[in-house]
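K.L.:
For reference, the structure I am asking about is given below.
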Amino acid sequence: MLALAPAAAVSLTLAACTPKGAASTTGPKKKAVIPAGDLADKSGTLTPSNPTTFTVYIESTHQIPAADNKLTKLLKDKLGVTLKYELVTPENSDQKIGVMLAGGDFPDLIGTGDLKLRFIEGGALERLDSMLKTGKYPNVEDYVKPYIHQMSYSGTVVDKGLYILPNYNRFYGDITGGTYNGAAFWIQKRVLEEAGYPDLSNMTIEKYFKLISDYKAKHPTTDGAPTVGFEAPAPTGSEWILTNPPAMLAGSPNNGGVIVDKKNHATIYADKDIAKTWYKALNEQYNEGIVDPETFTLTNDQFQAKLASGVVLGMQDQGWQFGTATASLQSAGKDQYTYVPLMPVYEGVTPYYADRAVMNVNQGFGVSSTSKQKKEALKFLDMMLSEPWQKVLSWGIEGEDYEVGSDGKFTRTEQQRAQSKDLTWQSKNKLMAFMDMVPKHNGTFSDGNAFSPDDQPTEFYATLSAYDKAFMQKYNKKTWMEFVNKPPQNPKYYPAWNIQLDDAATQANQQMTDAAVQHLPKIIAGKTSAFDKNWKAYTDVFKQIDVKSYEDAINKGIKYRLKNW
Amino acid sequence: MADTLAPEPVTLRPSRAEAPQTKSRSRSPQKKWTAERIVFTTLNTTFLIVLAGLMVYPLLNTLAISFNNGQDAVRGGIGIWPRVFSLQNYSVVFHMSTLYQAFFMSVLKTIVVVATNLFFTSMLAYALSRKEFIFRRSITLIFVLTLYFDAGLIPNYLLIKDLGMLNTFQAYWVPTIISAFNLILLRTYMKSIPDEIVESARIDGAGEFRTWWQIIMPLCKPTLAVIGLFVAVGSWNSWLDTLLYNSNEQWLSTLQYELQKLLSSSMATGINGGGQAGGAAAAAAGAQGTTPIALRSAITMVAAVPILFVYPFLQKHFVSGVMIGSVKG
Amino acid sequence: MTETTVSTYATAASGPETALPLATSSRASRRKDRKAQKNIAKEPKRKITWDRIWAQRALMAMAVPLLLYQILFKYVPAYGWVIAFQHYRPGLGSIWNQQWVGLDNFRNLFTGVNGKQFANVIVNTLGQSLLSLVVGTVGAIVLALLLNEVKNLPFKRVLQNITYMPHFLSWVIVASLASVALSLPSSGGFINQALLNLHVISHPILFLTQPNYFWQIVAGTNLWKELGWNTILYLAAITAIDPTLYEAAEVDGAGRYRKMFNITLPGIRPTIIVLLIINSGWILSTNFELPYFLGNGLVSQRAQTIDVFVLRYGYQLGNYSVAVVAGIFKTIVAIILVGSANLAAKRFNQETLV
């Protein structure tokens, strides 16, 4: 009977397919032969004589490496390790995590960026503390020791302890780097050039907008298109471009939706006077024609397009967010249209724009609870955390991907710099996706070299354009970092934005964002005479939202961190 | 009656239309170039050309951007011709090591899904179109209701898992052998086929299966072509099944899934609030002279072009049409 | 967020399982006979007996296994709906091992701040959806009729191929193009440019900042993307119309428009009606991409739809229960709407679903 075919197919499938668990090492253990060199595992756990295959789940936007990848081969030659990847993009991870947890089978290693801690709380990850106590994983121990409290899970759903090794910003040695990618009021270099390189200290919003309006008055068009004074967009997914400025102006570091006072008490600021002052100023600028009337309708594409066309004199944003536009301007040789970070603040306030990069707690690699080779998996991470492997992962192979000067400093030739940016080359010579999640030796190595080429000061300066070098000269600075405040030691609890929220607080947070996105554009684009009325309508919405549950959750988190970190 | 199957081609050249008729049947006055006809044809043609222009613009625009230098494309304002020509975007797409195998898997999957779906949907549609079939209404109702609810990701996943279909090719086609929507439409069509056709088949001794396969199916060709097109496009474009069921077997990966991953990495700057990863991806894309917007256009073209060729191929089945009347007559 | 989340009429074809439609062969000449047949078909219900089941064993063999298949793949997993009554956390044991919270999720969605928003998003969903459905259906039928008047086959084929192309672009790209088209002339907004050139307006309009234009913009963009695609179905239906009818009409001296209204339209009517009934159930399921990508703070009171709301307050916050509650709500409404539409069609002796 024809109709029976589907049923038959189903049963055939059932018979044909045995359930697949985590892949495990096959064959009996042979005597370990440890290869020479500092990349080998001296403990003999991971050796080419006893090959190991790890299944690896990674949330990353990078592609799977090419089959003939040089580092894949190196892993195999030195450690006998083969990685079987399952790459899922962060955008798709919500759905994938849901079904993985429901299914209950996990790969050996899980590299996740999930801020909702679903792998941990769903029981997918192994608690690593007791394994670390055996002393067999010295590099991991070294990595977690000073920050064990920050790195450990502190919730109540599963046992407290270490589950994930953070992938970014656990710093060793000095922190180097030249590009500033954080929050700032950005201004085009040509504006400062035209104003005769004015003093940038003690910046205020009045001075900032004066620079812009003066320039715009003199140059109403740019390359034939109307010059835009200021953008304040709220594109989907990056709404914070619109909502974050008041905190920066008030001298508060980026704590997300709250300002934390000296007594370490957090309150929201979106409906407070510091916000009102800023949006009132913006409302005035809008009616003066400084703010782009299209600003609120810009999608992220259109925002980048406007910046890349060079017409926009200034905006408040985080540097990485408009990276594509900057790259586009640089490649077109229009460095005078690229941006410098400024730090306007309210009267009597010290700017606190730049912070110390925050450790990505709860993001990174963990060993799965269903893995049949947990010890090997952790040993593998331990090996990856050793300096020799970190250099291989980050810089590459000496003589091929970088050179070592007589002073021991790593440098690259023009050709090496160029090839490192080539995606095809990367696919054959780097493990980009794996590198995204692996715990890193950010900062500097014991020999004084920076963790990666991008952080190496000499590399940074060598890649600057002539215009930028001359521009920096005028301000007597050598990096863009020097244009912002020197980041003080972060407060102990910092940052409040990654505190885990309960359901009520999460929902209140979303409702506040909605209220801001819906009302602020109306307030800004409204008549100046209607400002007070519009502002009241906005703050009235806040009165209906359960703000307290949000603030309470944040304060609870701060208290916990102050006590335990 | 055969002559009615071929509508006389009409062009704007009057000489052709006024050429002597060779067909026996005399043509009605409408076929001549009356004033009404000239006005209508001109207006209609103009309107359709303008409309086609509006419709083709987005694709030409995407095509132009895909062949444009990425850094330059970020500035926007590209029409239907690249401003700074570049093959970089395609180079990035075609250098994906996984692409070719995924393409093959997509083709295979689409063929299997279309074949099984058409087979089972039409068989059931036939049964439900028979007026004497006693469970016709209740079965139809059970299928119609499934158009309006969805169990959700996790229970569906657990079902596939319990059936042992995770990381197998079956996960692609077994869950999709019936589509309720197509079922209704095909059944509606079959119901309109005159009963005499089925009855005469009966008299010839054909059973239900033969009647369905040999008599009814050929009459449904235009509809089957349309349904086949829609199933093919749906299967070709789907990537969620790969993500959920088959993402840890590389050989089962599909073109759309691979492209979707590349796409979301190219979009990472806009979506990822974390910054670090997004910035890195943007830098990587920017490094090679491509940018999210340009790369996205190239990906769109690579994803869409193969399936765009299916339509012209199927089109003949319903441009010319199958005349039930003539079959019957 | 599932494979089968199908949006309005417009994207009915985009889900993997909801491939589209069908042509209904319709020979207007036989309409009367068919009506007569239908009335005969409405004879009193015949009893289901084992004898009759046995007599129809071939039909049973064709239908019943597929029925069981559908129950297994569609109805059995619906146990997942119980999470509407739970404080659901994935991974914490099975679905039966969760914290039960009664109607809390329903209360959360339908009352308080969320309730107010939800009432608003229902209105927006209905507005955008109905407008899109009407404009889309009328547009597709008109285009099918006009294409049918094109007698030059190669030209007709090219036109068809071109008009269905926008369907293959993602909503992100379409939204992006639409938003440029609607912007100021200096940003590439050709709609403003055209209106200025035609002296319809004296100053450019920022369409996307005007709440009152938003529904029309959504309907227009939907139309643009899906017009050709939706036409395919009607074109296929038209080809099934018996050409002798046209010939006969011509002999009777019927003009172009009389043939359109008296032969072509009635010929594709069953298709139109079946599609309208099916689509009536999808009225609360708009695609979320368009309002999501085109919406902004200034128009959000007209932009947010149920699916956007569910995305933001359900999936993005990891609150799956809210999403299921909204899904249940939509299903109930859908079944009521489809049932009524079907009943109405039956009243007027039209084609029905069931």
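Starting from 1 in every chain, residues are counted up; chains themselves are A, B, ... following the order of the structure tokens, and ligands are numbered from 1 as listed.
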Might you pull out every residue within 10 Å of Asp271 of chain A, with only C-alpha atoms counted and same-chain residues fewer than 3 positions away left off, and present them as a PyMOL selection string?
P.N.:
chain A and resi 268+274-276+512+516+535-536+538-543
K.L.:
List the spatial neighbours of Lys261 of chain B as a PDB file with N, CA and C atoms, in the first residue's frame - criterion: any atom at most 10 Å away, only C-alpha atoms, same-chain residues fewer than 4 positions off excluded.
P.N.:
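Below you can see out-v5.pdb, which holds the result:
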ATOM      1  N   SER A  60      29.384  31.412  17.131  1.00  0.00           N
ATOM      2  CA  SER A  60      30.294  32.386  16.551  1.00  0.00           C
ATOM      3  C   SER A  60      29.808  32.783  15.183  1.00  0.00           C
ATOM      4  N   THR A  61      30.213  33.959  14.764  1.00  0.00           N
ATOM      5  CA  THR A  61      29.853  34.393  13.422  1.00  0.00           C
ATOM      6  C   THR A  61      30.894  33.945  12.410  1.00  0.00           C
ATOM      7  N   HIS A  62      31.965  33.305  12.867  1.00  0.00           N
ATOM      8  CA  HIS A  62      33.014  32.899  11.934  1.00  0.00           C
ATOM      9  C   HIS A  62      32.677  31.582  11.259  1.00  0.00           C
ATOM     10  N   GLN A  63      33.388  31.342  10.146  1.00  0.00           N
ATOM     11  CA  GLN A  63      33.140  30.139   9.370  1.00  0.00           C
ATOM     12  C   GLN A  63      34.002  28.979   9.871  1.00  0.00           C
ATOM     13  N   LEU A  87      29.023  24.819  14.466  1.00  0.00           N
ATOM     14  CA  LEU A  87      29.027  26.267  14.608  1.00  0.00           C
ATOM     15  C   LEU A  87      27.610  26.807  14.457  1.00  0.00           C
ATOM     16  N   VAL A  88      27.202  27.609  15.403  1.00  0.00           N
ATOM     17  CA  VAL A  88      25.875  28.221  15.351  1.00  0.00           C
ATOM     18  C   VAL A  88      26.064  29.721  15.547  1.00  0.00           C
ATOM     19  N   THR A  89      25.427  30.506  14.700  1.00  0.00           N
ATOM     20  CA  THR A  89      25.597  31.951  14.851  1.00  0.00           C
ATOM     21  C   THR A  89      24.810  32.436  16.068  1.00  0.00           C
ATOM     22  N   PRO A  90      25.279  33.504  16.709  1.00  0.00           N
ATOM     23  CA  PRO A  90      24.597  34.000  17.905  1.00  0.00           C
ATOM     24  C   PRO A  90      23.110  34.257  17.653  1.00  0.00           C
ATOM     25  N   GLU A  91      22.810  34.725  16.449  1.00  0.00           N
ATOM     26  CA  GLU A  91      21.426  35.010  16.094  1.00  0.00           C
ATOM     27  C   GLU A  91      20.548  33.759  16.159  1.00  0.00           C
ATOM     28  N   ASN A  92      21.115  32.619  15.799  1.00  0.00           N
ATOM     29  CA  ASN A  92      20.351  31.372  15.785  1.00  0.00           C
ATOM     30  C   ASN A  92      20.429  30.617  17.106  1.00  0.00           C
TER      31      ASN A  92
ATOM     32  N   TRP B 239      15.982  26.833   6.253  1.00  0.00           N
ATOM     33  CA  TRP B 239      17.272  26.519   6.865  1.00  0.00           C
ATOM     34  C   TRP B 239      17.103  26.126   8.323  1.00  0.00           C
ATOM     35  N   LEU B 243      19.374  23.827  10.980  1.00  0.00           N
ATOM     36  CA  LEU B 243      19.869  24.329  12.271  1.00  0.00           C
ATOM     37  C   LEU B 243      19.419  23.426  13.415  1.00  0.00           C
ATOM     38  N   LEU B 255      22.661  24.709   1.495  1.00  0.00           N
ATOM     39  CA  LEU B 255      23.139  25.999   1.000  1.00  0.00           C
ATOM     40  C   LEU B 255      22.536  27.157   1.790  1.00  0.00           C
ATOM     41  N   GLN B 256      21.224  27.090   1.985  1.00  0.00           N
ATOM     42  CA  GLN B 256      20.586  28.205   2.684  1.00  0.00           C
ATOM     43  C   GLN B 256      21.107  28.349   4.109  1.00  0.00           C
ATOM     44  N   TYR B 257      21.390  27.237   4.743  1.00  0.00           N
ATOM     45  CA  TYR B 257      21.889  27.329   6.113  1.00  0.00           C
ATOM     46  C   TYR B 257      23.279  27.942   6.132  1.00  0.00           C
ATOM     47  N   SER B 265      26.649  36.552  10.040  1.00  0.00           N
ATOM     48  CA  SER B 265      27.944  37.066  10.474  1.00  0.00           C
ATOM     49  C   SER B 265      28.193  38.426   9.836  1.00  0.00           C
ATOM     50  N   SER B 266      27.676  38.607   8.626  1.00  0.00           N
ATOM     51  CA  SER B 266      27.885  39.902   8.003  1.00  0.00           C
ATOM     52  C   SER B 266      27.016  40.977   8.639  1.00  0.00           C
ATOM     53  N   MET B 267      25.944  40.539   9.296  1.00  0.00           N
ATOM     54  CA  MET B 267      25.055  41.508   9.927  1.00  0.00           C
ATOM     55  C   MET B 267      25.420  41.736  11.387  1.00  0.00           C
TER      56      MET B 267
END
K.L.:
Using only C-alpha atoms, which protein or nucleic acid residues come within 10 Å of Val305 of chain B? Drop anything in the same chain fewer than 4 positions from it, and give the result as a list in words.
P.N.:
Thr300, Met301, Phe309 and Val310 of chain B; Met165 and Phe168 of chain C
K.L.:
Within 7 Å of chain C, which residues of chain A come that close, and what is the closest atom pair and distance in Å for each? Count only C-alpha atoms and give it as a Markdown table.
P.N.:
| residue | atom | partner | partner_atom | distance |
| --- | --- | --- | --- | --- |
| A:Met1 | CA | C:Ala61 | CA | 6.9 |
| A:Ala3 | CA | C:Met62 | CA | 5.4 |
| A:Leu4 | CA | C:Pro65 | CA | 6.1 |
| A:Gly98 | CA | C:Pro90 | CA | 6.1 |
| A:Leu101 | CA | C:Gly91 | CA | 4.5 |
| A:Ala102 | CA | C:Gly91 | CA | 5.5 |
| A:Gly122 | CA | C:Gly91 | CA | 4.1 |
| A:Gly123 | CA | C:Gly91 | CA | 6.8 |
| A:Ala225 | CA | C:Ser186 | CA | 6.8 |
| A:Thr236 | CA | C:Phe293 | CA | 6.9 |
| A:Phe296 | CA | C:Asn296 | CA | 6.5 |
| A:Thr297 | CA | C:Asn296 | CA | 6.0 |
| A:Thr506 | CA | C:Leu317 | CA | 6.9 |
| A:Val517 | CA | C:Gly297 | CA | 4.8 |
| A:Gln518 | CA | C:Gly297 | CA | 3.9 |
| A:His519 | CA | C:Gly297 | CA | 6.6 |
| A:Pro521 | CA | C:Leu298 | CA | 6.0 |
| A:Lys522 | CA | C:Leu298 | CA | 6.1 |
| A:Gln544 | CA | C:Val113 | CA | 6.9 |
| A:Ile545 | CA | C:Val113 | CA | 6.9 |
K.L.:
Write out as a list of chain:residue names the residues lying within 8 Å of segment 337-350 of chain C, counting only C-alpha atoms and excluding same-chain residues fewer than 6 positions away.
P.N.:
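In the requested format, the answer is C:Lys35, C:Pro270, C:Ile273, C:Ile277, C:Ile278, C:Ser280, C:Gly281.
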K.L.:
What does the structure give for the distance between atom CA of Ile142 of chain B and atom CA of Leu276 of chain C, in Å to one decimal?
P.N.:
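Between these atoms lies a distance of 19.2 Å.
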K.L.:
Taking 5 positions as the minimum chain separation for residues in the same chain, which residues sit within 10 Å of Gly448 of chain A when counting only C-alpha atoms? Answer as a ChimeraX atom specification.
P.N.:
/A:173-174,408-410,443,456
K.L.:
Keeping only N, CA and C atoms, write those residues as a compact mmCIF listing (two decimals), in the first residue's frame.
P.N.:
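again-v8.txt, written as the output of this step:
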# COMPACT_ATOMS: atom_id res chain seq x y z
N GLY A 173 49.41 41.25 32.67
CA GLY A 173 50.38 42.32 32.41
C GLY A 173 49.72 43.64 32.05
N ASP A 174 50.41 44.43 31.20
CA ASP A 174 49.90 45.74 30.83
C ASP A 174 48.79 45.61 29.78
N GLY A 408 63.27 41.17 20.51
CA GLY A 408 62.28 40.20 20.98
C GLY A 408 60.85 40.62 20.70
N LYS A 409 60.68 41.81 20.07
CA LYS A 409 59.31 42.28 19.79
C LYS A 409 58.79 41.66 18.50
N PHE A 410 57.50 41.29 18.53
CA PHE A 410 56.88 40.73 17.33
C PHE A 410 56.50 41.86 16.38
N GLY A 443 46.03 41.35 27.12
CA GLY A 443 47.07 42.11 27.81
C GLY A 443 48.41 41.81 27.16
N GLN A 456 49.48 45.46 19.67
CA GLN A 456 50.90 45.77 19.71
C GLN A 456 51.09 47.24 19.32
K.L.:
In terms of the shortest atom-to-atom distance over only C-alpha atoms, which of B:Ile193, B:Leu99, B:Val198, B:Ile49 is closest to chain A?
P.N.:
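Looking at the shortest contact to chain A, the residue is B:Leu99.
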K.L.:
For Gly224 of chain A, which residue among A:Ser420, A:Ser309, A:Ser49, A:Ser529 is the nearest when counting only C-alpha atoms?
P.N.:
A:Ser309
K.L.:
Which residues come within 8 Å of Leu59 of chain C, counting only C-alpha atoms, excluding same-chain residues fewer than 4 positions away, as a tab-separated table (two decimals) with C-alpha atoms, in the first residue's frame?
P.N.:
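Final output, saved to result.tsv:
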chain	number	residue	atom	x	y	z
B	127	ALA	CA	-9.35	10.42	-1.57
B	133	PHE	CA	-15.71	8.76	0.88
B	208	GLU	CA	-8.95	3.89	-7.00
C	63	ALA	CA	-6.14	8.41	3.51
K.L.:
Would you kindly return, as a PyMOL selection string, each protein, DNA or RNA residue with an atom no farther than 12 Å from any atom of Val302 of chain B, considering only C-alpha atoms and excluding same-chain residues fewer than 5 positions away?
P.N.:
(chain B and resi 62-63+66+89-94+99-100+103+237+255-256+258-260+262-263+295-297+307-308) or (chain C and resi 168-169)
K.L.:
Those residues with N, CA and C atoms, as a PDB file, in the first residue's frame please?
P.N.:
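That gives us again_29.pdb:
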ATOM      1  N   THR B  62      20.139  44.883  -5.959  1.00  0.00           N
ATOM      2  CA  THR B  62      20.911  43.929  -5.178  1.00  0.00           C
ATOM      3  C   THR B  62      22.073  43.380  -5.997  1.00  0.00           C
ATOM      4  N   LEU B  63      21.795  43.106  -7.277  1.00  0.00           N
ATOM      5  CA  LEU B  63      22.833  42.595  -8.168  1.00  0.00           C
ATOM      6  C   LEU B  63      23.962  43.616  -8.315  1.00  0.00           C
ATOM      7  N   SER B  66      25.989  43.783  -5.264  1.00  0.00           N
ATOM      8  CA  SER B  66      26.798  42.575  -5.065  1.00  0.00           C
ATOM      9  C   SER B  66      28.072  42.619  -5.897  1.00  0.00           C
ATOM     10  N   ASN B  89      33.024  40.374  -3.230  1.00  0.00           N
ATOM     11  CA  ASN B  89      31.916  39.815  -2.453  1.00  0.00           C
ATOM     12  C   ASN B  89      31.656  38.369  -2.850  1.00  0.00           C
ATOM     13  N   TYR B  90      31.690  38.121  -4.155  1.00  0.00           N
ATOM     14  CA  TYR B  90      31.473  36.753  -4.613  1.00  0.00           C
ATOM     15  C   TYR B  90      32.651  35.869  -4.246  1.00  0.00           C
ATOM     16  N   SER B  91      33.830  36.481  -4.270  1.00  0.00           N
ATOM     17  CA  SER B  91      35.012  35.722  -3.893  1.00  0.00           C
ATOM     18  C   SER B  91      34.868  35.195  -2.460  1.00  0.00           C
ATOM     19  N   VAL B  92      34.343  36.039  -1.573  1.00  0.00           N
ATOM     20  CA  VAL B  92      34.149  35.602  -0.187  1.00  0.00           C
ATOM     21  C   VAL B  92      33.140  34.458  -0.124  1.00  0.00           C
ATOM     22  N   VAL B  93      32.048  34.602  -0.851  1.00  0.00           N
ATOM     23  CA  VAL B  93      31.019  33.565  -0.812  1.00  0.00           C
ATOM     24  C   VAL B  93      31.554  32.254  -1.387  1.00  0.00           C
ATOM     25  N   PHE B  94      32.200  32.355  -2.550  1.00  0.00           N
ATOM     26  CA  PHE B  94      32.610  31.119  -3.216  1.00  0.00           C
ATOM     27  C   PHE B  94      33.854  30.485  -2.598  1.00  0.00           C
ATOM     28  N   LEU B  99      30.536  25.360   0.742  1.00  0.00           N
ATOM     29  CA  LEU B  99      29.456  25.803  -0.128  1.00  0.00           C
ATOM     30  C   LEU B  99      28.971  24.747  -1.124  1.00  0.00           C
ATOM     31  N   TYR B 100      29.917  24.066  -1.762  1.00  0.00           N
ATOM     32  CA  TYR B 100      29.540  23.229  -2.905  1.00  0.00           C
ATOM     33  C   TYR B 100      28.777  21.994  -2.470  1.00  0.00           C
ATOM     34  N   PHE B 103      25.377  22.982  -1.524  1.00  0.00           N
ATOM     35  CA  PHE B 103      24.545  23.204  -2.705  1.00  0.00           C
ATOM     36  C   PHE B 103      23.955  21.879  -3.191  1.00  0.00           C
ATOM     37  N   ASN B 237      14.370  27.336   0.395  1.00  0.00           N
ATOM     38  CA  ASN B 237      14.639  28.478   1.276  1.00  0.00           C
ATOM     39  C   ASN B 237      14.731  28.130   2.749  1.00  0.00           C
ATOM     40  N   LEU B 255      22.661  24.709   1.495  1.00  0.00           N
ATOM     41  CA  LEU B 255      23.139  25.999   1.000  1.00  0.00           C
ATOM     42  C   LEU B 255      22.536  27.157   1.790  1.00  0.00           C
ATOM     43  N   GLN B 256      21.224  27.090   1.985  1.00  0.00           N
ATOM     44  CA  GLN B 256      20.586  28.205   2.684  1.00  0.00           C
ATOM     45  C   GLN B 256      21.107  28.349   4.109  1.00  0.00           C
ATOM     46  N   GLU B 258      24.139  27.481   5.225  1.00  0.00           N
ATOM     47  CA  GLU B 258      25.487  28.041   5.176  1.00  0.00           C
ATOM     48  C   GLU B 258      25.435  29.536   4.856  1.00  0.00           C
ATOM     49  N   LEU B 259      24.573  29.892   3.909  1.00  0.00           N
ATOM     50  CA  LEU B 259      24.474  31.300   3.539  1.00  0.00           C
ATOM     51  C   LEU B 259      23.854  32.113   4.665  1.00  0.00           C
ATOM     52  N   GLN B 260      22.911  31.500   5.350  1.00  0.00           N
ATOM     53  CA  GLN B 260      22.281  32.200   6.472  1.00  0.00           C
ATOM     54  C   GLN B 260      23.318  32.489   7.547  1.00  0.00           C
ATOM     55  N   LEU B 262      26.562  32.863   7.044  1.00  0.00           N
ATOM     56  CA  LEU B 262      27.419  33.921   6.514  1.00  0.00           C
ATOM     57  C   LEU B 262      26.713  35.265   6.596  1.00  0.00           C
ATOM     58  N   LEU B 263      25.417  35.222   6.296  1.00  0.00           N
ATOM     59  CA  LEU B 263      24.616  36.436   6.344  1.00  0.00           C
ATOM     60  C   LEU B 263      24.587  37.010   7.746  1.00  0.00           C
ATOM     61  N   LEU B 295      28.193  42.154   0.990  1.00  0.00           N
ATOM     62  CA  LEU B 295      28.254  40.712   1.132  1.00  0.00           C
ATOM     63  C   LEU B 295      26.845  40.124   1.151  1.00  0.00           C
ATOM     64  N   ARG B 296      25.956  40.820   1.848  1.00  0.00           N
ATOM     65  CA  ARG B 296      24.573  40.364   1.939  1.00  0.00           C
ATOM     66  C   ARG B 296      23.939  40.280   0.549  1.00  0.00           C
ATOM     67  N   SER B 297      24.258  41.245  -0.294  1.00  0.00           N
ATOM     68  CA  SER B 297      23.697  41.242  -1.644  1.00  0.00           C
ATOM     69  C   SER B 297      24.213  40.051  -2.433  1.00  0.00           C
ATOM     70  N   ILE B 307      17.106  28.885  -7.674  1.00  0.00           N
ATOM     71  CA  ILE B 307      15.679  28.558  -7.575  1.00  0.00           C
ATOM     72  C   ILE B 307      14.861  29.415  -8.539  1.00  0.00           C
ATOM     73  N   LEU B 308      15.408  30.562  -8.931  1.00  0.00           N
ATOM     74  CA  LEU B 308      14.696  31.393  -9.906  1.00  0.00           C
ATOM     75  C   LEU B 308      14.524  30.660 -11.236  1.00  0.00           C
TER      76      LEU B 308
ATOM     77  N   PHE C 168      11.858  36.637  -3.750  1.00  0.00           N
ATOM     78  CA  PHE C 168      13.058  35.917  -3.332  1.00  0.00           C
ATOM     79  C   PHE C 168      14.045  36.786  -2.552  1.00  0.00           C
ATOM     80  N   LEU C 169      13.691  38.028  -2.359  1.00  0.00           N
ATOM     81  CA  LEU C 169      14.565  38.871  -1.536  1.00  0.00           C
ATOM     82  C   LEU C 169      14.108  38.772  -0.097  1.00  0.00           C
TER      83      LEU C 169
END
K.L.:
So, counting only C-alpha atoms, which residue among B:Ile299, B:Leu314, B:Ala171, B:Leu60 is closest to chain A?
P.N.:
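Looking only at the distances to chain A, the closest residue turns out to be B:Ala171.
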